[in-house]
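Below: the structure, in structure tokens.
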Amino acid sequence: MSEYDPVKPVSYPLSRVILHWLIALTIIGLFVSGLWIVRMDYYDALYTLIPHWHKSIGLILMFILVLSVFLRRLTPKPEYDASLKAYERIIAGIVQSLMSILCFAVIISGYFITSANGDPVSVFNWFELPAYPLNVKNQEDIAGELHEIMAFALIGLAMLHAGAALYHHFGKKDRTLLKILGK
């Protein structure tokens with residue numbers, strides 16, 4: 001079998017490359033801002049601004065993730081490198097699926113933190129999402145614990161994902177990393 005299959009692209013289309021890196025950088029920024037938020041006190045000058053931006057960007061990320069899911073369905077995925085073993089393909093699929101699920105779950109749990117008191121959630125003061133309190137005792141605390149645990153799990157998986165990409169690029173010297181760089 002030749003290295004190039006004309007039916008399958010050799011790299012991801014530019015739209016998916018841009019969304020991948022936009023999502024990655026946004027998640028890192030949200031994680032860092034989340035760590036900052038939990039250490040803020042009421043008298044901090046940015047006490048209301050940083051959480052507002054964190055929530056707004058998180059909800060915008062939800063729409064970007066939905067767009068990404070649609071693009072994933074519409075555009076062909078490049079073939080795995082021929083050197084990948086079956087178990088590596090399975091692990092890659094599991095990690096990518098878990099990261100996608102956790103992205104949505106972290107955002108949803110964040111929404112339930114913010115809307116627990118019945119107030120709508122403002123997105124950069126452009127529009128508001130209505131509150132959906134679950135009428136669960138301590139909803140804000142429960143959603144907050146889940147939000148934190150899932151955010152750390154997401155960052156852990158993202159580090160594993162990035163480490164694997166670097167291993168493939170520098171260790172195995174295959175095209176895995178180059179494909180998501182659009183090359």
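All residue names refer to the structure tokens as shown: chains lettered A, B, ... in order, residues numbered from 1 in each chain, ligands numbered from 1 in order.
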Could you pull the residues within 12 Å of region 46-51 of chain A, counting only C-alpha atoms, minus those fewer than 2 positions along the same chain, as a PyMOL selection string?
chain A and resi 29-44+53-58+110+113-114+121-125
Create the file for the chosen residues now, containing N, CA and C atoms and written as a PDB file, in the first residue's frame.
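What follows is the written file again_9.pdb:
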```
ATOM      1  N   GLY A  29      -6.564  29.207  28.715  1.00  0.00           N
ATOM      2  CA  GLY A  29      -6.872  30.510  29.313  1.00  0.00           C
ATOM      3  C   GLY A  29      -7.962  30.419  30.363  1.00  0.00           C
ATOM      4  N   LEU A  30      -8.997  29.634  30.082  1.00  0.00           N
ATOM      5  CA  LEU A  30     -10.081  29.469  31.064  1.00  0.00           C
ATOM      6  C   LEU A  30      -9.585  28.744  32.306  1.00  0.00           C
ATOM      7  N   PHE A  31      -8.713  27.760  32.125  1.00  0.00           N
ATOM      8  CA  PHE A  31      -8.180  27.032  33.282  1.00  0.00           C
ATOM      9  C   PHE A  31      -7.356  27.964  34.174  1.00  0.00           C
ATOM     10  N   VAL A  32      -6.486  28.737  33.547  1.00  0.00           N
ATOM     11  CA  VAL A  32      -5.647  29.678  34.309  1.00  0.00           C
ATOM     12  C   VAL A  32      -6.522  30.718  35.002  1.00  0.00           C
ATOM     13  N   SER A  33      -7.509  31.272  34.286  1.00  0.00           N
ATOM     14  CA  SER A  33      -8.377  32.275  34.916  1.00  0.00           C
ATOM     15  C   SER A  33      -9.209  31.652  36.033  1.00  0.00           C
ATOM     16  N   GLY A  34      -9.602  30.383  35.866  1.00  0.00           N
ATOM     17  CA  GLY A  34     -10.337  29.689  36.931  1.00  0.00           C
ATOM     18  C   GLY A  34      -9.497  29.537  38.183  1.00  0.00           C
ATOM     19  N   LEU A  35      -8.221  29.198  38.016  1.00  0.00           N
ATOM     20  CA  LEU A  35      -7.322  29.106  39.178  1.00  0.00           C
ATOM     21  C   LEU A  35      -7.183  30.461  39.859  1.00  0.00           C
ATOM     22  N   TRP A  36      -7.147  31.516  39.064  1.00  0.00           N
ATOM     23  CA  TRP A  36      -7.043  32.878  39.589  1.00  0.00           C
ATOM     24  C   TRP A  36      -8.317  33.238  40.360  1.00  0.00           C
ATOM     25  N   ILE A  37      -9.462  32.922  39.793  1.00  0.00           N
ATOM     26  CA  ILE A  37     -10.747  33.275  40.397  1.00  0.00           C
ATOM     27  C   ILE A  37     -10.897  32.668  41.786  1.00  0.00           C
ATOM     28  N   VAL A  38     -10.552  31.387  41.942  1.00  0.00           N
ATOM     29  CA  VAL A  38     -10.761  30.745  43.246  1.00  0.00           C
ATOM     30  C   VAL A  38      -9.827  31.296  44.317  1.00  0.00           C
ATOM     31  N   ARG A  39      -8.812  32.026  43.919  1.00  0.00           N
ATOM     32  CA  ARG A  39      -7.892  32.625  44.885  1.00  0.00           C
ATOM     33  C   ARG A  39      -8.186  34.100  45.150  1.00  0.00           C
ATOM     34  N   MET A  40      -9.159  34.656  44.439  1.00  0.00           N
ATOM     35  CA  MET A  40      -9.506  36.072  44.613  1.00  0.00           C
ATOM     36  C   MET A  40     -10.323  36.260  45.888  1.00  0.00           C
ATOM     37  N   ASP A  41     -10.214  37.444  46.460  1.00  0.00           N
ATOM     38  CA  ASP A  41     -11.121  37.776  47.552  1.00  0.00           C
ATOM     39  C   ASP A  41     -12.012  38.942  47.113  1.00  0.00           C
ATOM     40  N   TYR A  42     -12.986  39.207  47.923  1.00  0.00           N
ATOM     41  CA  TYR A  42     -14.008  40.199  47.592  1.00  0.00           C
ATOM     42  C   TYR A  42     -13.414  41.572  47.288  1.00  0.00           C
ATOM     43  N   TYR A  43     -12.302  41.903  47.888  1.00  0.00           N
ATOM     44  CA  TYR A  43     -11.730  43.236  47.738  1.00  0.00           C
ATOM     45  C   TYR A  43     -10.756  43.348  46.565  1.00  0.00           C
ATOM     46  N   ASP A  44     -10.576  42.276  45.843  1.00  0.00           N
ATOM     47  CA  ASP A  44      -9.704  42.308  44.669  1.00  0.00           C
ATOM     48  C   ASP A  44     -10.321  43.232  43.619  1.00  0.00           C
ATOM     49  N   TRP A  53     -15.649  37.629  32.539  1.00  0.00           N
ATOM     50  CA  TRP A  53     -14.965  37.226  31.307  1.00  0.00           C
ATOM     51  C   TRP A  53     -14.861  35.702  31.227  1.00  0.00           C
ATOM     52  N   HIS A  54     -14.560  35.065  32.345  1.00  0.00           N
ATOM     53  CA  HIS A  54     -14.439  33.605  32.397  1.00  0.00           C
ATOM     54  C   HIS A  54     -15.752  32.946  31.961  1.00  0.00           C
ATOM     55  N   LYS A  55     -16.851  33.412  32.521  1.00  0.00           N
ATOM     56  CA  LYS A  55     -18.165  32.853  32.166  1.00  0.00           C
ATOM     57  C   LYS A  55     -18.501  33.134  30.709  1.00  0.00           C
ATOM     58  N   SER A  56     -18.265  34.362  30.269  1.00  0.00           N
ATOM     59  CA  SER A  56     -18.611  34.758  28.908  1.00  0.00           C
ATOM     60  C   SER A  56     -17.816  33.953  27.882  1.00  0.00           C
ATOM     61  N   ILE A  57     -16.524  33.857  28.102  1.00  0.00           N
ATOM     62  CA  ILE A  57     -15.677  33.107  27.171  1.00  0.00           C
ATOM     63  C   ILE A  57     -16.040  31.625  27.204  1.00  0.00           C
ATOM     64  N   GLY A  58     -16.341  31.104  28.388  1.00  0.00           N
ATOM     65  CA  GLY A  58     -16.754  29.702  28.499  1.00  0.00           C
ATOM     66  C   GLY A  58     -18.011  29.415  27.694  1.00  0.00           C
ATOM     67  N   GLY A 110     -20.268  24.783  34.816  1.00  0.00           N
ATOM     68  CA  GLY A 110     -20.050  26.201  35.094  1.00  0.00           C
ATOM     69  C   GLY A 110     -21.340  27.000  34.976  1.00  0.00           C
ATOM     70  N   ILE A 113     -23.325  26.450  38.062  1.00  0.00           N
ATOM     71  CA  ILE A 113     -22.810  27.222  39.197  1.00  0.00           C
ATOM     72  C   ILE A 113     -23.435  28.617  39.157  1.00  0.00           C
ATOM     73  N   THR A 114     -23.312  29.249  38.001  1.00  0.00           N
ATOM     74  CA  THR A 114     -23.723  30.640  37.837  1.00  0.00           C
ATOM     75  C   THR A 114     -25.229  30.823  37.930  1.00  0.00           C
ATOM     76  N   VAL A 121     -27.426  34.312  32.983  1.00  0.00           N
ATOM     77  CA  VAL A 121     -25.984  34.410  32.808  1.00  0.00           C
ATOM     78  C   VAL A 121     -25.705  35.350  31.641  1.00  0.00           C
ATOM     79  N   SER A 122     -24.998  36.431  31.935  1.00  0.00           N
ATOM     80  CA  SER A 122     -24.680  37.423  30.921  1.00  0.00           C
ATOM     81  C   SER A 122     -23.423  37.015  30.150  1.00  0.00           C
ATOM     82  N   VAL A 123     -23.479  37.199  28.845  1.00  0.00           N
ATOM     83  CA  VAL A 123     -22.322  36.930  27.985  1.00  0.00           C
ATOM     84  C   VAL A 123     -21.825  38.269  27.463  1.00  0.00           C
ATOM     85  N   PHE A 124     -20.770  38.791  28.092  1.00  0.00           N
ATOM     86  CA  PHE A 124     -20.173  40.088  27.756  1.00  0.00           C
ATOM     87  C   PHE A 124     -21.202  41.223  27.700  1.00  0.00           C
ATOM     88  N   ASN A 125     -22.278  41.093  28.434  1.00  0.00           N
ATOM     89  CA  ASN A 125     -23.368  42.079  28.428  1.00  0.00           C
ATOM     90  C   ASN A 125     -23.989  42.258  27.030  1.00  0.00           C
TER      91      ASN A 125
END
```
Would you mind listing, for every residue of region 67-147 of chain A within 9 Å of region 158-169 of chain A, the two atoms forming the shortest contact and the distance between them in Å to one decimal, using only C-alpha atoms, sorted by chain and ascending residue number, as a Markdown table?
```
| residue | atom | partner | partner_atom | distance |
| --- | --- | --- | --- | --- |
| A:Ala92 | CA | A:His161 | CA | 7.9 |
| A:Val95 | CA | A:His161 | CA | 7.2 |
| A:Gln96 | CA | A:His161 | CA | 7.8 |
| A:Met99 | CA | A:Ala158 | CA | 7.2 |
```
Residue nearest Leu65 (chain A) - candidates A:Ile94, A:Met150, A:Leu19, A:Ala86, atoms counted: only C-alpha atoms:
A:Leu19
My list of candidates is A:Leu14, A:Leu84, A:Val136, A:Ala151. Which is closest to Lys172 (chain A) when distances are computed with only C-alpha atoms?
A:Leu84
Can you tell me, as a ChimeraX atom specification, which residues in region 1-127 of chain A count as alpha helix (DSSP H) by DSSP?
/A:14-39,49-74,86-114
